[in-house]
Amino acid sequence: MAHSVLFDQAQAYAGGNPNDGFEFYRTQYADPSSTGAGAGAHGTADEFYASSYGTAMPIVERSWVAAFGTGGFPNEQPLLEELGVNFQHIKSKTLAVLNPFKPLDTKIYDDSDMAGPLLFILVLGTVLLLSGKSQFGYIYGVALLGTVGIWAILNLMSQGGIAVTRTASILGYCLLPIVLLGSIGLAADLKSGPLGTLVAVVPISWCTYSSATMFVTVLSMSEQRLLVAYPIGLFYASFALLTVF
Amino acid sequence: MFAQGFQNNHAAQLGMQFAGSAMHAMQENVQQNVGRFVSLGQLKHHFDVSNIYVLTKLRMLAFPWLQRSWHRHAERDQTGQVVGYKSPREDSSSPDLYIPVMGMVTYVIAIGLITGRMGVFRPEDLGLTASSALGVVLFEVLLVKMFCYLLNVGAELQFPDIVAYSGYKFVPTIVVVLLKPWAPWWLSWTAYFYFGFALAFFMIRSMRHALIPEESSVMGVNVHRKRRIHFLFIIAMTQFLYIWILIRYKTPAPRAGPAP
């Protein structure tokens, strides 16, 4: 039995053993031959945990194969729901960015999920890698610093506040046009000539417009639209700098 | 699921209590030390700007002689007592922190744009430029703070106001640095001197009311009026030096190619 210095208890639980809090260290389950002997004692452990934790998963007898598939445990949430990934919302948020002139439904921004933004950042990094610039670290740094900066500015300028995860989510979704700029950069040479700089203005303004619209709607700061849009424009301009040059 | 273990283990309970009180003490320490310099309310006051304010301020920086009144209006509470200054939204002469912060970030991006068009952009240069810009501001703020201490300037010139006045220099710097690679040399030098003098004038007029009290309000306190005037003049003239430091950027090694 695995011993742990801090939590080795002398007291006896009702039907449990001292290491019931550590499913990972439940070594006696590893051996399927012990199921018969252990079933009696652990049956009451199930009730103990189910009663004390409400909707917690009962600790049931399964073979170790159950860990590698779904449907192994009763009352288990579907994987995507447990991870918080909602494909409908991701799709509608992405379409909202691609078509910024359609009126917004702000309720979908209440779940500040990071799946979409992380995907876009990875795609941007991959596109830059394909054009010869391995700059994942810089993208990460600019994104982090810029998000914290925008969060600070928005909280200082608005009456109500906004959570940092929510700003990160909105800023990340609106990064999509910069990804498109990067893919244009795969085909054409954006660095030299004025073409690159002029072409970059369109995605920056697109990102800024959709992002500022979302923030102004969420924070209800309608008379400060331009003041909110400017720092967001600077944020996307720094991404454009990384992408173009 | 650890709760059962914690409740029955006294060592663990002591540990949790210690950790909780340690976090609390740390938070209080930070609040005390940082709160001495700026408070959140003060910061919010400086970010309470409107579109008109930003446009007026930019006009004041570019054409300071057009501005008639530089006097900062005082905020009064119900009994008529003066409790501070009016926010930037209501008073165009009040310093804010929005323009300096935006100015600094725009400056960093402008330098990035210039080095990019010259073909020598590296992403770490963004961080280097930001650090040197921050260093210039820090140097100036410390210098002004030192002068304030030596000349016994107390609450007339607050710390966020010093940072704000120090940050306004980025606006003319951006104009000059964007002209430098692409305009003929005489135009960029003219712009440098014109905006330098405009910024000096702006600083003198803005800080005058804070630093140099009216004759009638001096009451037996030795305010070294002449020294304060000199100090104000020094602050204004060093703006030239700061702008000159800030408009330097990396140029590509000379080679026989077409100019950007």
# chains A, B, ... in the order shown; residues from 1 in each chain; ligands from 1
$ interface_residues --of "chain A" --to "chain B" --cutoff "8 Å" --atoms "only C-alpha atoms" --output "PyMOL selection string"
chain A and resi 6-7+9+21+138+156-157+191-193+224+226-227+231+234+237-238+241-242+245
$ write_last_selection --atoms "all heavy atoms" --output "compact mmCIF listing (two decimals), in the first residue's frame"
# COMPACT_ATOMS: atom_id res chain seq x y z
N LEU A 6 2.40 12.80 4.99
CA LEU A 6 1.49 13.78 5.57
C LEU A 6 0.15 13.18 5.94
O LEU A 6 -0.47 13.57 6.91
CB LEU A 6 1.26 14.92 4.59
CG LEU A 6 2.25 16.08 4.61
CD1 LEU A 6 1.80 17.13 3.63
CD2 LEU A 6 2.35 16.67 5.99
N PHE A 7 -0.29 12.28 5.08
CA PHE A 7 -1.69 11.92 5.22
C PHE A 7 -1.91 10.51 5.74
O PHE A 7 -2.97 9.95 5.58
CB PHE A 7 -2.40 12.08 3.86
CG PHE A 7 -2.39 13.52 3.44
CD1 PHE A 7 -1.46 13.97 2.53
CD2 PHE A 7 -3.28 14.42 4.00
CE1 PHE A 7 -1.45 15.29 2.15
CE2 PHE A 7 -3.25 15.74 3.64
CZ PHE A 7 -2.35 16.17 2.70
N GLN A 9 -3.01 8.17 8.10
CA GLN A 9 -3.91 8.39 9.23
C GLN A 9 -3.96 7.18 10.12
O GLN A 9 -3.91 6.04 9.66
CB GLN A 9 -5.34 8.68 8.72
CG GLN A 9 -5.40 9.88 7.85
CD GLN A 9 -4.95 11.12 8.58
OE1 GLN A 9 -5.22 11.29 9.75
NE2 GLN A 9 -4.22 11.96 7.90
N GLY A 21 -8.30 9.25 -0.75
CA GLY A 21 -8.27 10.54 -1.42
C GLY A 21 -7.35 10.54 -2.62
O GLY A 21 -7.33 11.46 -3.41
N TYR A 138 7.86 34.69 -29.88
CA TYR A 138 7.54 36.12 -29.95
C TYR A 138 6.04 36.32 -30.00
O TYR A 138 5.51 37.26 -29.41
CB TYR A 138 8.20 36.75 -31.16
CG TYR A 138 9.70 36.77 -31.07
CD1 TYR A 138 10.48 36.17 -32.05
CD2 TYR A 138 10.33 37.37 -30.01
CE1 TYR A 138 11.85 36.18 -31.96
CE2 TYR A 138 11.71 37.38 -29.92
CZ TYR A 138 12.46 36.79 -30.89
OH TYR A 138 13.81 36.80 -30.81
N LEU A 156 -9.26 50.38 -16.56
CA LEU A 156 -9.06 51.73 -16.05
C LEU A 156 -10.00 52.70 -16.73
O LEU A 156 -10.35 53.73 -16.17
CB LEU A 156 -7.61 52.18 -16.27
CG LEU A 156 -6.61 51.55 -15.32
CD1 LEU A 156 -5.21 51.90 -15.76
CD2 LEU A 156 -6.83 52.04 -13.92
N MET A 157 -10.38 52.42 -17.97
CA MET A 157 -11.17 53.39 -18.71
C MET A 157 -12.66 53.19 -18.58
O MET A 157 -13.42 54.10 -18.87
CB MET A 157 -10.81 53.33 -20.21
CG MET A 157 -9.59 54.12 -20.53
SD MET A 157 -9.12 53.92 -22.23
CE MET A 157 -10.50 54.63 -23.05
N LYS A 191 7.56 41.96 -47.55
CA LYS A 191 8.56 42.75 -46.84
C LYS A 191 9.00 43.97 -47.63
O LYS A 191 9.06 45.06 -47.12
CB LYS A 191 9.79 41.88 -46.57
CG LYS A 191 10.06 41.67 -45.11
CD LYS A 191 11.09 40.60 -44.93
CE LYS A 191 12.44 41.22 -44.67
NZ LYS A 191 13.23 40.35 -43.77
N SER A 192 9.35 43.73 -48.88
CA SER A 192 9.91 44.84 -49.64
C SER A 192 8.81 45.51 -50.43
O SER A 192 7.81 44.90 -50.76
CB SER A 192 10.99 44.32 -50.57
OG SER A 192 10.48 43.23 -51.30
N GLY A 193 8.97 46.74 -50.69
CA GLY A 193 7.99 47.47 -51.46
C GLY A 193 6.85 47.94 -50.58
O GLY A 193 6.59 47.37 -49.54
N GLN A 224 -16.82 56.11 -26.24
CA GLN A 224 -15.36 56.07 -26.23
C GLN A 224 -14.84 55.07 -27.25
O GLN A 224 -13.79 54.48 -27.07
CB GLN A 224 -14.85 55.67 -24.85
CG GLN A 224 -14.98 56.78 -23.84
CD GLN A 224 -14.44 56.35 -22.49
OE1 GLN A 224 -14.79 55.28 -21.99
NE2 GLN A 224 -13.60 57.14 -21.90
N LEU A 226 -13.54 55.22 -30.27
CA LEU A 226 -12.22 55.43 -30.88
C LEU A 226 -11.12 55.26 -29.85
O LEU A 226 -10.04 54.75 -30.15
CB LEU A 226 -12.15 56.82 -31.50
CG LEU A 226 -12.87 56.93 -32.84
CD1 LEU A 226 -12.79 58.35 -33.35
CD2 LEU A 226 -12.25 55.99 -33.84
N LEU A 227 -11.39 55.72 -28.62
CA LEU A 227 -10.36 55.60 -27.60
C LEU A 227 -10.08 54.15 -27.25
O LEU A 227 -8.97 53.80 -26.88
CB LEU A 227 -10.79 56.36 -26.34
CG LEU A 227 -10.93 57.85 -26.51
CD1 LEU A 227 -11.41 58.47 -25.23
CD2 LEU A 227 -9.63 58.47 -26.93
N PRO A 231 -5.84 51.51 -28.71
CA PRO A 231 -4.90 50.52 -28.17
C PRO A 231 -5.05 49.13 -28.78
O PRO A 231 -4.06 48.42 -28.95
CB PRO A 231 -5.22 50.48 -26.67
CG PRO A 231 -6.43 51.25 -26.46
CD PRO A 231 -6.66 52.10 -27.64
N LEU A 234 -3.18 49.14 -31.92
CA LEU A 234 -1.75 49.00 -31.69
C LEU A 234 -1.38 47.54 -31.42
O LEU A 234 -0.35 47.04 -31.89
CB LEU A 234 -1.32 49.86 -30.49
CG LEU A 234 -1.36 51.36 -30.70
CD1 LEU A 234 -0.97 52.06 -29.43
CD2 LEU A 234 -0.44 51.75 -31.82
N ALA A 237 -1.44 45.81 -34.61
CA ALA A 237 -0.34 46.30 -35.45
C ALA A 237 0.97 45.61 -35.08
O ALA A 237 1.80 45.33 -35.95
CB ALA A 237 -0.19 47.81 -35.31
N SER A 238 1.16 45.32 -33.80
CA SER A 238 2.39 44.62 -33.44
C SER A 238 2.39 43.20 -33.99
O SER A 238 3.42 42.69 -34.41
CB SER A 238 2.62 44.63 -31.93
OG SER A 238 1.46 44.28 -31.24
N LEU A 241 3.30 43.54 -37.51
CA LEU A 241 4.75 43.75 -37.66
C LEU A 241 5.47 42.41 -37.68
O LEU A 241 6.36 42.17 -38.50
CB LEU A 241 5.28 44.56 -36.47
CG LEU A 241 5.37 46.07 -36.59
CD1 LEU A 241 5.97 46.62 -35.33
CD2 LEU A 241 6.21 46.45 -37.77
N LEU A 242 5.08 41.52 -36.75
CA LEU A 242 5.73 40.21 -36.71
C LEU A 242 5.46 39.44 -37.98
O LEU A 242 6.31 38.70 -38.47
CB LEU A 242 5.20 39.40 -35.52
CG LEU A 242 5.67 39.78 -34.14
CD1 LEU A 242 5.02 38.88 -33.13
CD2 LEU A 242 7.17 39.65 -34.04
N PHE A 245 7.14 41.69 -41.35
CA PHE A 245 8.60 41.91 -41.41
C PHE A 245 9.37 40.76 -40.80
O PHE A 245 8.97 40.18 -39.82
CB PHE A 245 8.94 43.21 -40.69
CG PHE A 245 8.38 44.42 -41.40
CD1 PHE A 245 7.50 45.26 -40.76
CD2 PHE A 245 8.73 44.70 -42.69
CE1 PHE A 245 6.99 46.37 -41.40
CE2 PHE A 245 8.21 45.81 -43.34
CZ PHE A 245 7.35 46.65 -42.69
$ closest_residue --among "B:Trp185, B:Tyr85, B:Phe147, B:Tyr107" --to "Ser132 in chain B" --atoms "only C-alpha atoms"
B:Tyr107
$ residues_around --residues "Leu80 in chain A" --least-positions-apart "6" --cutoff "12 Å" --atoms "only C-alpha atoms" --output "PyMOL selection string"
chain A and resi 70+86-88+115
$ residues_around --residues "range 231-246 of chain B" --least-positions-apart "3" --cutoff "7 Å" --atoms "only C-alpha atoms" --output "JSON, numbers by chain"
{"B": [136, 173, 196, 200, 203, 204, 227, 228]}
$ select_by_dssp --residues "range 97-226 of chain A" --states "helix (DSSP H, G or I)" --output "JSON, numbers by chain"
{"A": [97, 98, 106, 107, 108, 109, 115, 116, 117, 118, 119, 120, 121, 122, 123, 124, 125, 126, 127, 128, 129, 130, 136, 137, 138, 139, 140, 141, 142, 143, 144, 145, 146, 147, 148, 149, 150, 151, 152, 153, 154, 155, 156, 157, 164, 165, 166, 167, 168, 169, 170, 171, 172, 173, 176, 177, 178, 179, 180, 181, 182, 183, 184, 185, 186, 187, 194, 195, 196, 197, 198, 199, 200, 201, 202, 203, 204, 205, 206, 207, 208, 209, 210, 211, 212, 213, 214, 215, 216, 217, 218, 219, 222, 223, 224, 225, 226]}
$ closest_atom_pairs --of "range 145-205 of chain A" --to "range 99-112 of chain A" --cutoff "9 Å" --atoms "only C-alpha atoms" --output "JSON lines"
{"residue": "A:Thr165", "atom": "CA", "partner": "A:Ser112", "partner_atom": "CA", "distance": 6.1}
{"residue": "A:Arg166", "atom": "CA", "partner": "A:Ser112", "partner_atom": "CA", "distance": 4.9}
{"residue": "A:Thr167", "atom": "CA", "partner": "A:Ser112", "partner_atom": "CA", "distance": 8.3}
{"residue": "A:Ala168", "atom": "CA", "partner": "A:Ser112", "partner_atom": "CA", "distance": 8.1}
{"residue": "A:Ser169", "atom": "CA", "partner": "A:Ser112", "partner_atom": "CA", "distance": 5.6}
{"residue": "A:Ile170", "atom": "CA", "partner": "A:Tyr109", "partner_atom": "CA", "distance": 7.7}
$ closest_residue --among "A:Leu181, A:Leu83, A:Leu171, A:Ala152" --to "Met214 in chain A" --atoms "only C-alpha atoms"
A:Leu171
$ closest_residue --among "B:Val153, B:Leu199, B:Ile162, B:Ala191" --to "Leu211 in chain B" --atoms "only C-alpha atoms"
B:Val153
$ residues_around --residues "Ser210 in chain A" --least-positions-apart "6" --cutoff "12 Å" --atoms "only C-alpha atoms" --output "ChimeraX atom specification"
/A:93-104,170-177,203-204,216-217,225,228-229,232-233,236
$ residues_around --residues "Val199 in chain A" --least-positions-apart "6" --cutoff "10 Å" --atoms "only C-alpha atoms" --output "PyMOL selection string"
chain A and resi 181+184-185+190+244
$ write_last_selection --atoms "N, CA, C and O atoms" --output "compact mmCIF listing (two decimals), in the first residue's frame"
# COMPACT_ATOMS: atom_id res chain seq x y z
N LEU A 181 -3.61 37.45 -43.27
CA LEU A 181 -2.48 38.25 -43.77
C LEU A 181 -1.23 37.39 -43.87
O LEU A 181 -0.46 37.47 -44.84
N ILE A 184 -1.40 35.30 -46.90
CA ILE A 184 -1.07 36.08 -48.11
C ILE A 184 0.44 36.21 -48.21
O ILE A 184 1.03 36.16 -49.30
N GLY A 185 1.10 36.36 -47.03
CA GLY A 185 2.54 36.51 -47.03
C GLY A 185 3.26 35.27 -47.51
O GLY A 185 4.43 35.32 -47.87
N LEU A 190 5.81 40.32 -48.77
CA LEU A 190 5.25 41.53 -48.17
C LEU A 190 6.32 42.47 -47.65
O LEU A 190 6.05 43.61 -47.34
N VAL A 244 4.52 40.64 -41.11
CA VAL A 244 5.00 41.18 -42.37
C VAL A 244 6.53 41.21 -42.42
O VAL A 244 7.13 40.79 -43.40
$ atom_distance --atom1 "CA of Leu97 in chain B" --atom2 "CA of Ala164 in chain B"
5.3 Å
